[in-house]
file final.pdb (PDB, C-alpha atoms)
ATOM      1  CA  HIS A   1       0.000   0.000   0.000
ATOM      2  CA  ARG A   2       2.976   2.348   0.472
ATOM      3  CA  VAL A   3       3.880   2.281  -3.214
ATOM      4  CA  ALA A   4       0.208   2.673  -4.154
ATOM      5  CA  ASN A   5      -0.050   5.738  -1.911
ATOM      6  CA  MET A   6       3.085   7.189  -3.481
ATOM      7  CA  LEU A   7       1.861   6.568  -7.042
ATOM      8  CA  ASN A   8      -1.459   8.201  -6.172
ATOM      9  CA  GLY A   9       0.403  11.197  -4.737
ATOM     10  CA  ILE A  10       2.521  11.549  -7.878
ATOM     11  CA  ALA A  11      -0.593  11.361 -10.052
ATOM     12  CA  LEU A  12      -2.439  13.903  -7.914
ATOM     13  CA  ALA A  13       0.446  16.358  -8.086
ATOM     14  CA  ASN A  14       0.847  15.841 -11.831
ATOM     15  CA  LYS A  15      -2.842  16.460 -12.508
ATOM     16  CA  HIS A  16      -2.647  19.832 -10.762
ATOM     17  CA  GLY A  17       0.674  20.896 -12.289
ATOM     18  CA  MET A  18       2.625  20.439  -9.061
ATOM     19  CA  ASN A  19       5.834  18.618  -8.187
ATOM     20  CA  PHE A  20       5.705  15.536  -5.997
ATOM     21  CA  GLY A  21       7.961  16.192  -3.003
ATOM     22  CA  GLY A  22       8.034  12.752  -1.370
ATOM     23  CA  MET A  23       6.530  10.932   1.606
ATOM     24  CA  ILE A  24       6.815  11.356   5.372
ATOM     25  CA  ARG A  25       7.959   8.150   7.020
ATOM     26  CA  SER A  26       6.711   7.451  10.524
ATOM     27  CA  ALA A  27       9.409   6.505  13.022
ATOM     28  CA  SER A  28       7.472   3.310  13.750
ATOM     29  CA  THR A  29       7.439   2.256  10.095
ATOM     30  CA  ARG A  30      10.183  -0.170   9.096
ATOM     31  CA  TRP A  31      11.751  -0.381   5.649
ATOM     32  CA  VAL A  32      10.777  -4.051   5.541
ATOM     33  CA  SER A  33       6.994  -4.331   5.618
ATOM     34  CA  GLU A  34       4.804  -6.842   7.415
ATOM     35  CA  HIS A  35       4.728  -8.799   4.147
ATOM     36  CA  GLY A  36       8.516  -9.010   4.061
ATOM     37  CA  VAL A  37       8.855  -6.389   1.300
ATOM     38  CA  ASP A  38      11.954  -4.191   1.479
ATOM     39  CA  PHE A  39      10.375  -0.828   0.645
ATOM     40  CA  ALA A  40      13.702   0.975   0.162
ATOM     41  CA  ARG A  41      14.913  -1.650  -2.297
ATOM     42  CA  LEU A  42      11.588  -1.477  -4.117
ATOM     43  CA  LEU A  43      11.787   2.316  -4.496
ATOM     44  CA  ASP A  44      15.410   2.225  -5.632
ATOM     45  CA  GLY A  45      14.605  -0.436  -8.214
ATOM     46  CA  MET A  46      11.580   1.385  -9.513
ATOM     47  CA  PHE A  47      12.783   4.989  -9.521
ATOM     48  CA  GLY A  48      16.579   4.649  -9.539
ATOM     49  CA  ALA A  49      19.416   4.265  -7.052
ATOM     50  CA  GLY A  50      19.000   6.525  -4.033
ATOM     51  CA  ALA A  51      15.291   7.145  -4.648
ATOM     52  CA  SER A  52      14.412   5.838  -1.192
ATOM     53  CA  ILE A  53      16.555   8.555   0.395
ATOM     54  CA  GLN A  54      15.365  11.300  -1.965
ATOM     55  CA  LEU A  55      11.657  10.482  -1.689
ATOM     56  CA  MET A  56      11.381   9.625   2.008
ATOM     57  CA  PHE A  57      11.582  12.202   4.808
ATOM     58  CA  ARG A  58      11.445  12.084   8.598
ATOM     59  CA  ASP A  59       9.202  14.217  10.740
ATOM     60  CA  SER A  60      10.645  16.262  13.595
ATOM     61  CA  GLN A  61       7.535  15.494  15.648
ATOM     62  CA  PHE A  62       8.367  11.797  15.788
ATOM     63  CA  MET A  63      10.735  10.701  18.528
ATOM     64  CA  SER A  64      13.041   7.822  17.668
ATOM     65  CA  ARG A  65      16.530   6.560  18.462
ATOM     66  CA  ASP A  66      16.677   4.538  15.269
ATOM     67  CA  PRO A  67      19.816   5.636  13.349
ATOM     68  CA  GLU A  68      18.241   4.425  10.110
ATOM     69  CA  TYR A  69      15.373   6.847  10.643
ATOM     70  CA  PHE A  70      17.691   9.774  11.349
ATOM     71  CA  ALA A  71      19.540   9.079   8.103
ATOM     72  CA  LEU A  72      16.493  10.573   6.385
ATOM     73  CA  LYS A  73      16.247  14.298   5.716
ATOM     74  CA  LEU A  74      13.736  16.493   7.522
ATOM     75  CA  HIS A  75      10.865  17.625   5.320
ATOM     76  CA  ARG A  76      10.390  21.269   4.429
ATOM     77  CA  PRO A  77       7.738  23.119   6.436
ATOM     78  CA  TRP A  78       4.443  22.965   4.574
ATOM     79  CA  THR A  79       2.239  25.943   3.932
ATOM     80  CA  ALA A  80      -1.002  23.950   3.950
ATOM     81  CA  GLU A  81      -2.165  20.570   5.250
ATOM     82  CA  PHE A  82      -5.148  18.630   3.955
ATOM     83  CA  ARG A  83      -6.942  15.647   5.439
ATOM     84  CA  ASP A  84      -6.836  13.608   2.218
ATOM     85  CA  ASP A  85      -6.823  13.904  -1.586
ATOM     86  CA  LYS A  86     -10.513  14.887  -1.703
ATOM     87  CA  ASP A  87      -9.924  17.710   0.789
ATOM     88  CA  PHE A  88      -6.909  18.836  -1.268
ATOM     89  CA  GLU A  89      -8.789  18.905  -4.563
ATOM     90  CA  LYS A  90     -11.417  21.245  -3.139
ATOM     91  CA  ALA A  91      -8.699  23.860  -2.514
ATOM     92  CA  ALA A  92      -6.212  23.064  -5.301
ATOM     93  CA  ALA A  93      -7.290  25.978  -7.503
ATOM     94  CA  GLN A  94      -6.414  28.463  -4.735
ATOM     95  CA  LEU A  95      -2.855  27.190  -4.274
ATOM     96  CA  GLY A  96      -0.027  29.226  -5.700
ATOM     97  CA  ALA A  97       3.526  28.725  -6.911
ATOM     98  CA  GLY A  98       5.832  27.835  -4.052
ATOM     99  CA  ASP A  99       3.139  26.317  -1.861
ATOM    100  CA  HIS A 100       4.330  23.170  -0.097
ATOM    101  CA  VAL A 101       1.375  21.026   0.918
ATOM    102  CA  TYR A 102       0.916  17.844   2.949
ATOM    103  CA  VAL A 103      -1.697  15.242   1.990
ATOM    104  CA  PRO A 104      -1.252  12.239   4.346
ATOM    105  CA  ILE A 105      -3.904  10.050   2.693
ATOM    106  CA  CYS A 106      -4.082   9.790  -1.072
ATOM    107  CA  ALA A 107      -6.613   7.086  -1.916
ATOM    108  CA  LEU A 108      -7.605   7.842  -5.477
ATOM    109  CA  HIS A 109      -8.858   4.273  -5.874
ATOM    110  CA  THR A 110     -11.823   5.087  -3.618
ATOM    111  CA  GLY A 111     -12.855   7.922  -5.904
ATOM    112  CA  PRO A 112     -15.259   7.757  -8.854
ATOM    113  CA  SER A 113     -12.632   7.239 -11.535
ATOM    114  CA  LEU A 114      -8.903   7.193 -12.173
ATOM    115  CA  VAL A 115      -9.335   8.548 -15.686
ATOM    116  CA  GLY A 116      -7.285  11.731 -15.985
ATOM    117  CA  TYR A 117      -4.938  10.884 -13.117
ATOM    118  CA  PHE A 118      -2.727   8.431 -14.972
ATOM    119  CA  PRO A 119      -2.345   9.576 -18.601
ATOM    120  CA  GLN A 120      -0.061   7.481 -20.792
ATOM    121  CA  THR A 121       2.635  10.165 -20.612
ATOM    122  CA  LEU A 122       2.803   9.761 -16.823
ATOM    123  CA  GLN A 123       2.606   5.977 -17.046
ATOM    124  CA  ALA A 124       5.575   6.008 -19.431
ATOM    125  CA  VAL A 125       7.691   7.998 -16.966
ATOM    126  CA  LEU A 126       6.731   5.815 -13.999
ATOM    127  CA  THR A 127       7.518   2.590 -15.866
ATOM    128  CA  GLU A 128      10.895   3.587 -17.329
ATOM    129  CA  SER A 129      12.808   1.113 -15.157
ATOM    130  CA  LEU A 130      10.183  -1.618 -15.554
ATOM    131  CA  ALA A 131      10.375  -1.199 -19.322
ATOM    132  CA  LEU A 132      14.050  -2.212 -19.255
ATOM    133  CA  ARG A 133      13.379  -5.590 -17.657
ATOM    134  CA  PRO A 134      13.202  -8.710 -19.838
ATOM    135  CA  LEU A 135       9.822 -10.392 -20.037
ATOM    136  CA  ASP A 136       8.904 -14.080 -20.092
ATOM    137  CA  PHE A 137       6.007 -13.544 -22.496
ATOM    138  CA  ALA A 138       6.196 -15.351 -25.836
ATOM    139  CA  PRO A 139       6.750 -12.870 -28.684
ATOM    140  CA  GLY A 140       3.975 -12.506 -31.230
ATOM    141  CA  ARG A 141       1.240 -13.680 -28.843
ATOM    142  CA  ALA A 142      -1.204 -11.765 -26.671
ATOM    143  CA  SER A 143       0.317 -11.552 -23.173
ATOM    144  CA  VAL A 144      -1.782 -12.144 -20.064
ATOM    145  CA  ALA A 145      -0.524 -11.564 -16.517
ATOM    146  CA  ILE A 146      -2.572 -12.765 -13.552
ATOM    147  CA  HIS A 147      -1.983 -12.008  -9.888
ATOM    148  CA  VAL A 148      -3.499 -14.679  -7.639
ATOM    149  CA  ARG A 149      -3.287 -13.561  -4.016
ATOM    150  CA  ARG A 150      -2.564 -16.529  -1.781
ATOM    151  CA  GLY A 151       0.503 -16.470   0.525
ATOM    152  CA  ASP A 152      -0.832 -14.258   3.343
ATOM    153  CA  LEU A 153      -4.380 -15.651   3.245
ATOM    154  CA  ARG A 154      -5.689 -18.826   4.796
ATOM    155  CA  LYS A 155      -7.448 -21.268   2.516
ATOM    156  CA  GLY A 156     -11.185 -20.770   2.384
ATOM    157  CA  THR A 157     -11.231 -17.056   3.259
ATOM    158  CA  ASP A 158     -13.379 -14.773   1.108
ATOM    159  CA  ARG A 159     -10.362 -12.693   0.110
ATOM    160  CA  ALA A 160      -8.695 -15.767  -1.426
ATOM    161  CA  THR A 161     -10.573 -15.547  -4.707
ATOM    162  CA  SER A 162     -11.353 -19.042  -5.974
ATOM    163  CA  ASP A 163      -9.312 -20.726  -8.687
ATOM    164  CA  ALA A 164     -12.549 -21.227 -10.617
ATOM    165  CA  TYR A 165     -12.946 -17.451 -10.957
ATOM    166  CA  TYR A 166      -9.581 -17.170 -12.702
ATOM    167  CA  PHE A 167     -10.228 -20.250 -14.827
ATOM    168  CA  ARG A 168     -13.450 -18.671 -16.143
ATOM    169  CA  LEU A 169     -11.677 -15.414 -16.957
ATOM    170  CA  VAL A 170      -8.884 -17.197 -18.815
ATOM    171  CA  GLU A 171     -11.434 -19.227 -20.760
ATOM    172  CA  ALA A 172     -13.142 -15.985 -21.796
ATOM    173  CA  ILE A 173      -9.814 -14.398 -22.758
ATOM    174  CA  ARG A 174      -8.862 -17.410 -24.852
ATOM    175  CA  GLY A 175     -12.217 -17.135 -26.582
ATOM    176  CA  LEU A 176     -10.969 -13.798 -27.929
ATOM    177  CA  GLU A 177      -7.232 -14.630 -28.058
ATOM    178  CA  PRO A 178      -6.906 -18.412 -28.535
ATOM    179  CA  ASP A 179      -3.101 -18.273 -28.571
ATOM    180  CA  ALA A 180      -2.760 -16.044 -25.505
ATOM    181  CA  ASP A 181       0.362 -16.611 -23.397
ATOM    182  CA  VAL A 182      -0.922 -16.721 -19.802
ATOM    183  CA  HIS A 183       1.349 -16.292 -16.765
ATOM    184  CA  VAL A 184       0.294 -16.459 -13.114
ATOM    185  CA  TRP A 185       2.144 -14.864 -10.193
ATOM    186  CA  SER A 186       1.510 -15.805  -6.580
ATOM    187  CA  SER A 187       3.167 -16.798  -3.308
ATOM    188  CA  THR A 188       2.951 -19.732  -0.931
ATOM    189  CA  SER A 189       3.969 -18.047   2.318
ATOM    190  CA  SER A 190       4.071 -14.764   4.193
ATOM    191  CA  THR A 191       5.821 -13.268   7.202
ATOM    192  CA  HIS A 192       2.338 -13.106   8.754
ATOM    193  CA  HIS A 193       2.475 -16.836   9.393
ATOM    194  CA  GLN A 194       5.273 -19.068  10.632
ATOM    195  CA  GLU A 195       4.253 -21.923   8.376
ATOM    196  CA  ALA A 196       3.514 -21.837   4.653
ATOM    197  CA  LEU A 197      -0.250 -21.883   4.121
ATOM    198  CA  TRP A 198      -0.003 -22.942   0.486
ATOM    199  CA  LYS A 199       2.184 -25.272  -1.577
ATOM    200  CA  SER A 200       3.184 -25.445  -5.215
ATOM    201  CA  ALA A 201       0.728 -28.289  -5.860
ATOM    202  CA  ASP A 202      -2.137 -25.916  -5.025
ATOM    203  CA  PHE A 203      -1.472 -24.232  -8.364
ATOM    204  CA  ASP A 204      -1.579 -27.382 -10.470
ATOM    205  CA  GLY A 205      -5.024 -26.419 -11.764
ATOM    206  CA  PHE A 206      -3.460 -23.396 -13.470
ATOM    207  CA  ARG A 207      -0.649 -25.507 -14.910
ATOM    208  CA  GLU A 208      -3.088 -28.126 -16.209
ATOM    209  CA  ARG A 209      -4.840 -25.371 -18.155
ATOM    210  CA  GLY A 210      -1.646 -24.318 -19.886
ATOM    211  CA  MET A 211      -0.696 -21.382 -17.689
ATOM    212  CA  HIS A 212       2.852 -20.639 -16.554
ATOM    213  CA  VAL A 213       3.029 -20.334 -12.752
ATOM    214  CA  HIS A 214       5.617 -18.132 -10.984
ATOM    215  CA  LEU A 215       5.831 -18.470  -7.204
ATOM    216  CA  ASP A 216       7.626 -16.557  -4.442
ATOM    217  CA  ASP A 217       9.655 -14.133  -6.567
ATOM    218  CA  GLU A 218      12.545 -12.615  -4.623
ATOM    219  CA  ASP A 219      12.511  -9.486  -6.792
ATOM    220  CA  LEU A 220       8.965  -8.108  -6.744
ATOM    221  CA  LEU A 221       9.709  -5.720  -9.580
ATOM    222  CA  ASP A 222       9.853  -8.702 -11.934
ATOM    223  CA  PRO A 223       6.158  -9.618 -11.587
ATOM    224  CA  TRP A 224       5.280  -5.919 -11.576
ATOM    225  CA  ALA A 225       7.094  -5.444 -14.889
ATOM    226  CA  HIS A 226       5.001  -8.220 -16.423
ATOM    227  CA  MET A 227       1.742  -6.980 -14.906
ATOM    228  CA  ALA A 228       2.351  -3.382 -15.984
ATOM    229  CA  ARG A 229       3.337  -4.330 -19.539
ATOM    230  CA  ALA A 230       0.959  -7.208 -20.261
ATOM    231  CA  ASP A 231      -1.690  -6.805 -22.951
ATOM    232  CA  ILE A 232      -4.207  -8.051 -20.374
ATOM    233  CA  PHE A 233      -3.747  -7.883 -16.604
ATOM    234  CA  VAL A 234      -6.079  -9.798 -14.266
ATOM    235  CA  SER A 235      -5.700  -8.418 -10.740
ATOM    236  CA  SER A 236      -6.535  -9.647  -7.244
ATOM    237  CA  MET A 237      -8.029  -7.808  -4.276
ATOM    238  CA  SER A 238      -4.605  -6.589  -3.241
ATOM    239  CA  TYR A 239      -2.456  -3.467  -3.234
ATOM    240  CA  PHE A 240       0.197  -5.618  -4.901
ATOM    241  CA  SER A 241      -2.141  -5.755  -7.908
ATOM    242  CA  TYR A 242      -3.268  -2.152  -7.600
ATOM    243  CA  SER A 243       0.142  -0.579  -8.216
ATOM    244  CA  PRO A 244       0.957  -2.260 -11.568
ATOM    245  CA  ALA A 245      -2.687  -1.869 -12.628
ATOM    246  CA  LEU A 246      -2.217   1.907 -12.382
ATOM    247  CA  LEU A 247       0.760   1.623 -14.716
ATOM    248  CA  ASN A 248      -0.758  -0.695 -17.323
ATOM    249  CA  SER A 249      -1.887   1.244 -20.383
ATOM    250  CA  GLY A 250      -3.628  -1.746 -22.014
TER     251      GLY A 250
END
call {"tool": "encode", "arguments": {"input": "final.pdb", "output": "structure tokens"}}
result
Amino acid sequence: HRVANMLNGIALANKHGMNFGGMIRSASTRWVSEHGVDFARLLDGMFGAGASIQLMFRDSQFMSRDPEYFALKLHRPWTAEFRDDKDFEKAAAQLGAGDHVYVPICALHTGPSLVGYFPQTLQAVLTESLALRPLDFAPGRASVAIHVRRGDLRKGTDRATSDAYYFRLVEAIRGLEPDADVHVWSSTSSTHHQEALWKSADFDGFRERGMHVHLDDEDLLDPWAHMARADIFVSSMSYFSYSPALLNSG
């Protein structure tokens, strides 16, 4: 969700002709998330070396003895603070050059539409590093990337969308693109749980239907590159899906 919040903030600033200044990191927030994702590494890989230092700031109001936290720069004083993106947009027209504003919650996905926030010109800039990564898709065929959320969810929960749902979607896609090259990304475990809740065999249904299954990628930018650049991207109820969906121009 941190990357999604940052992408939303960049899009919000871009729409209103402003520069995106970065994010305030709470002293209690670790670089490695509860899902085991190294946020600093993710930012550096996506936006370039040192991006995690340039885009993340500490707040003087937070008290911490963590030397890693104090390695971050203090943010500039802001001239206006808004509750969220909706509150900001009500006042955006009155802001002037040089204003430095703080919007702690930027949840564009809860708004009526994302149209206008992520034009292809912005998507192209945000995916420059992802565009350099090699893809596993077969050339000359329609590419389909699917994110199946599993690793942090227990079997049988409503949020673990059924395999049958994805099978039906792929059948419909192949009705339009019979030669589609379909790849599935998922995970079998999470730092939420000591034991793995899923195993590779749980994905045999996808394999039996001619889909390529990728599990437990160490570099999360690899699946994101495929999801953002696929001709068709099938997402899950997950922020991990949300971020590359914002960047996919298909």
call {"tool": "closest_residue", "arguments": {"input": "final.pdb", "among": "A:Phe47, A:Trp185, A:Trp224, A:Trp198", "to": "His212 (chain A)", "atoms": "only C-alpha atoms"}}
result
A:Trp185
call {"tool": "residues_around", "arguments": {"input": "final.pdb", "residues": "Lys86 (chain A)", "least_positions_apart": "4", "cutoff": "10 Å", "atoms": "only C-alpha atoms", "output": "PDB file with C-alpha atoms, keeping the file's coordinate frame"}}
result
ATOM      1  CA  PHE A  82      -5.148  18.630   3.955  1.00  0.00           C
ATOM      2  CA  LYS A  90     -11.417  21.245  -3.139  1.00  0.00           C
ATOM      3  CA  ALA A  91      -8.699  23.860  -2.514  1.00  0.00           C
ATOM      4  CA  ALA A  92      -6.212  23.064  -5.301  1.00  0.00           C
ATOM      5  CA  VAL A 103      -1.697  15.242   1.990  1.00  0.00           C
ATOM      6  CA  ILE A 105      -3.904  10.050   2.693  1.00  0.00           C
ATOM      7  CA  CYS A 106      -4.082   9.790  -1.072  1.00  0.00           C
ATOM      8  CA  ALA A 107      -6.613   7.086  -1.916  1.00  0.00           C
ATOM      9  CA  LEU A 108      -7.605   7.842  -5.477  1.00  0.00           C
ATOM     10  CA  GLY A 111     -12.855   7.922  -5.904  1.00  0.00           C
TER      11      GLY A 111
END
call {"tool": "residues_near_point", "arguments": {"input": "final.pdb", "point": "(-3.7, -24.6, -20.6)", "cutoff": "10 Å", "atoms": "all atoms listed in the file", "output": "list of chain:residue names"}}
result
A:Phe167, A:Val170, A:Glu171, A:Arg174, A:Ala180, A:Asp181, A:Val182, A:Gly205, A:Phe206, A:Arg207, A:Glu208, A:Arg209, A:Gly210, A:Met211, A:His212
call {"tool": "closest_residue", "arguments": {"input": "final.pdb", "among": "A:His147, A:Arg133, A:Lys73, A:His183", "to": "Asp222 (chain A)", "atoms": "only C-alpha atoms"}}
result
A:Arg133
call {"tool": "atom_distance", "arguments": {"input": "final.pdb", "atom1": "CA of Leu74 (chain A)", "atom2": "CA of Gly96 (chain A)"}}
result
22.9 Å
call {"tool": "closest_residue", "arguments": {"input": "final.pdb", "among": "A:Ala49, A:Ala230, A:Leu72, A:Ala93", "to": "Gly22 (chain A)", "atoms": "all atoms listed in the file"}}
result
A:Leu72
call {"tool": "decode", "arguments": {"input": "final.pdb", "residues": "region 150-175 of chain A", "atoms": "N, CA, C and O atoms", "output": "PDB file, in the first residue's frame"}}
result
ATOM      1  N   ARG A 150      -2.452 -15.313  -2.567  1.00  0.00           N
ATOM      2  CA  ARG A 150      -2.564 -16.529  -1.781  1.00  0.00           C
ATOM      3  C   ARG A 150      -1.730 -16.489  -0.491  1.00  0.00           C
ATOM      4  O   ARG A 150      -2.236 -16.745   0.584  1.00  0.00           O
ATOM      5  N   GLY A 151      -0.450 -16.212  -0.557  1.00  0.00           N
ATOM      6  CA  GLY A 151       0.503 -16.470   0.525  1.00  0.00           C
ATOM      7  C   GLY A 151       0.122 -15.990   1.899  1.00  0.00           C
ATOM      8  O   GLY A 151       0.361 -16.676   2.894  1.00  0.00           O
ATOM      9  N   ASP A 152      -0.513 -14.803   2.023  1.00  0.00           N
ATOM     10  CA  ASP A 152      -0.832 -14.258   3.343  1.00  0.00           C
ATOM     11  C   ASP A 152      -2.256 -14.580   3.774  1.00  0.00           C
ATOM     12  O   ASP A 152      -2.691 -14.151   4.844  1.00  0.00           O
ATOM     13  N   LEU A 153      -2.985 -15.329   2.947  1.00  0.00           N
ATOM     14  CA  LEU A 153      -4.380 -15.651   3.245  1.00  0.00           C
ATOM     15  C   LEU A 153      -4.542 -17.136   3.548  1.00  0.00           C
ATOM     16  O   LEU A 153      -3.942 -17.980   2.883  1.00  0.00           O
ATOM     17  N   ARG A 154      -5.395 -17.429   4.504  1.00  0.00           N
ATOM     18  CA  ARG A 154      -5.689 -18.826   4.796  1.00  0.00           C
ATOM     19  C   ARG A 154      -6.680 -19.370   3.761  1.00  0.00           C
ATOM     20  O   ARG A 154      -7.524 -18.633   3.255  1.00  0.00           O
ATOM     21  N   LYS A 155      -6.554 -20.634   3.478  1.00  0.00           N
ATOM     22  CA  LYS A 155      -7.448 -21.268   2.516  1.00  0.00           C
ATOM     23  C   LYS A 155      -8.894 -21.157   2.994  1.00  0.00           C
ATOM     24  O   LYS A 155      -9.188 -21.323   4.170  1.00  0.00           O
ATOM     25  N   GLY A 156      -9.766 -20.854   2.057  1.00  0.00           N
ATOM     26  CA  GLY A 156     -11.185 -20.770   2.384  1.00  0.00           C
ATOM     27  C   GLY A 156     -11.680 -19.395   2.751  1.00  0.00           C
ATOM     28  O   GLY A 156     -12.894 -19.178   2.865  1.00  0.00           O
ATOM     29  N   THR A 157     -10.788 -18.409   2.935  1.00  0.00           N
ATOM     30  CA  THR A 157     -11.231 -17.056   3.259  1.00  0.00           C
ATOM     31  C   THR A 157     -11.806 -16.385   2.012  1.00  0.00           C
ATOM     32  O   THR A 157     -11.427 -16.703   0.886  1.00  0.00           O
ATOM     33  N   ASP A 158     -12.721 -15.446   2.232  1.00  0.00           N
ATOM     34  CA  ASP A 158     -13.379 -14.773   1.108  1.00  0.00           C
ATOM     35  C   ASP A 158     -12.384 -14.005   0.246  1.00  0.00           C
ATOM     36  O   ASP A 158     -12.596 -13.844  -0.960  1.00  0.00           O
ATOM     37  N   ARG A 159     -11.327 -13.509   0.852  1.00  0.00           N
ATOM     38  CA  ARG A 159     -10.362 -12.693   0.110  1.00  0.00           C
ATOM     39  C   ARG A 159      -9.478 -13.545  -0.795  1.00  0.00           C
ATOM     40  O   ARG A 159      -8.843 -13.022  -1.703  1.00  0.00           O
ATOM     41  N   ALA A 160      -9.439 -14.857  -0.545  1.00  0.00           N
ATOM     42  CA  ALA A 160      -8.695 -15.767  -1.426  1.00  0.00           C
ATOM     43  C   ALA A 160      -9.615 -16.173  -2.575  1.00  0.00           C
ATOM     44  O   ALA A 160     -10.270 -17.213  -2.540  1.00  0.00           O
ATOM     45  N   THR A 161      -9.671 -15.317  -3.578  1.00  0.00           N
ATOM     46  CA  THR A 161     -10.573 -15.547  -4.707  1.00  0.00           C
ATOM     47  C   THR A 161     -10.357 -16.949  -5.275  1.00  0.00           C
ATOM     48  O   THR A 161      -9.220 -17.393  -5.446  1.00  0.00           O
ATOM     49  N   SER A 162     -11.433 -17.638  -5.573  1.00  0.00           N
ATOM     50  CA  SER A 162     -11.353 -19.042  -5.974  1.00  0.00           C
ATOM     51  C   SER A 162     -10.602 -19.224  -7.287  1.00  0.00           C
ATOM     52  O   SER A 162     -10.616 -18.348  -8.163  1.00  0.00           O
ATOM     53  N   ASP A 163      -9.964 -20.381  -7.425  1.00  0.00           N
ATOM     54  CA  ASP A 163      -9.312 -20.726  -8.687  1.00  0.00           C
ATOM     55  C   ASP A 163     -10.308 -20.688  -9.835  1.00  0.00           C
ATOM     56  O   ASP A 163      -9.975 -20.255 -10.950  1.00  0.00           O
ATOM     57  N   ALA A 164     -11.530 -21.149  -9.563  1.00  0.00           N
ATOM     58  CA  ALA A 164     -12.549 -21.227 -10.617  1.00  0.00           C
ATOM     59  C   ALA A 164     -12.822 -19.865 -11.241  1.00  0.00           C
ATOM     60  O   ALA A 164     -13.088 -19.764 -12.451  1.00  0.00           O
ATOM     61  N   TYR A 165     -12.744 -18.810 -10.434  1.00  0.00           N
ATOM     62  CA  TYR A 165     -12.946 -17.451 -10.957  1.00  0.00           C
ATOM     63  C   TYR A 165     -11.910 -17.130 -12.027  1.00  0.00           C
ATOM     64  O   TYR A 165     -12.247 -16.626 -13.114  1.00  0.00           O
ATOM     65  N   TYR A 166     -10.649 -17.446 -11.734  1.00  0.00           N
ATOM     66  CA  TYR A 166      -9.581 -17.170 -12.702  1.00  0.00           C
ATOM     67  C   TYR A 166      -9.692 -18.086 -13.921  1.00  0.00           C
ATOM     68  O   TYR A 166      -9.438 -17.653 -15.052  1.00  0.00           O
ATOM     69  N   PHE A 167     -10.080 -19.328 -13.702  1.00  0.00           N
ATOM     70  CA  PHE A 167     -10.228 -20.250 -14.827  1.00  0.00           C
ATOM     71  C   PHE A 167     -11.290 -19.728 -15.800  1.00  0.00           C
ATOM     72  O   PHE A 167     -11.104 -19.802 -17.024  1.00  0.00           O
ATOM     73  N   ARG A 168     -12.389 -19.211 -15.278  1.00  0.00           N
ATOM     74  CA  ARG A 168     -13.450 -18.671 -16.143  1.00  0.00           C
ATOM     75  C   ARG A 168     -12.956 -17.464 -16.922  1.00  0.00           C
ATOM     76  O   ARG A 168     -13.251 -17.310 -18.125  1.00  0.00           O
ATOM     77  N   LEU A 169     -12.199 -16.592 -16.263  1.00  0.00           N
ATOM     78  CA  LEU A 169     -11.677 -15.414 -16.957  1.00  0.00           C
ATOM     79  C   LEU A 169     -10.718 -15.814 -18.073  1.00  0.00           C
ATOM     80  O   LEU A 169     -10.774 -15.267 -19.185  1.00  0.00           O
ATOM     81  N   VAL A 170      -9.839 -16.764 -17.797  1.00  0.00           N
ATOM     82  CA  VAL A 170      -8.884 -17.197 -18.815  1.00  0.00           C
ATOM     83  C   VAL A 170      -9.610 -17.862 -19.981  1.00  0.00           C
ATOM     84  O   VAL A 170      -9.246 -17.665 -21.151  1.00  0.00           O
ATOM     85  N   GLU A 171     -10.647 -18.611 -19.685  1.00  0.00           N
ATOM     86  CA  GLU A 171     -11.434 -19.227 -20.760  1.00  0.00           C
ATOM     87  C   GLU A 171     -12.054 -18.153 -21.653  1.00  0.00           C
ATOM     88  O   GLU A 171     -12.064 -18.274 -22.887  1.00  0.00           O
ATOM     89  N   ALA A 172     -12.555 -17.083 -21.021  1.00  0.00           N
ATOM     90  CA  ALA A 172     -13.142 -15.985 -21.796  1.00  0.00           C
ATOM     91  C   ALA A 172     -12.081 -15.271 -22.617  1.00  0.00           C
ATOM     92  O   ALA A 172     -12.314 -14.903 -23.785  1.00  0.00           O
ATOM     93  N   ILE A 173     -10.911 -15.060 -22.034  1.00  0.00           N
ATOM     94  CA  ILE A 173      -9.814 -14.398 -22.758  1.00  0.00           C
ATOM     95  C   ILE A 173      -9.390 -15.236 -23.954  1.00  0.00           C
ATOM     96  O   ILE A 173      -9.189 -14.715 -25.064  1.00  0.00           O
ATOM     97  N   ARG A 174      -9.271 -16.532 -23.754  1.00  0.00           N
ATOM     98  CA  ARG A 174      -8.862 -17.410 -24.852  1.00  0.00           C
ATOM     99  C   ARG A 174      -9.934 -17.520 -25.927  1.00  0.00           C
ATOM    100  O   ARG A 174      -9.630 -17.865 -27.066  1.00  0.00           O
ATOM    101  N   GLY A 175     -11.178 -17.200 -25.569  1.00  0.00           N
ATOM    102  CA  GLY A 175     -12.217 -17.135 -26.582  1.00  0.00           C
ATOM    103  C   GLY A 175     -11.967 -16.005 -27.563  1.00  0.00           C
ATOM    104  O   GLY A 175     -12.350 -16.082 -28.737  1.00  0.00           O
TER     105      GLY A 175
END
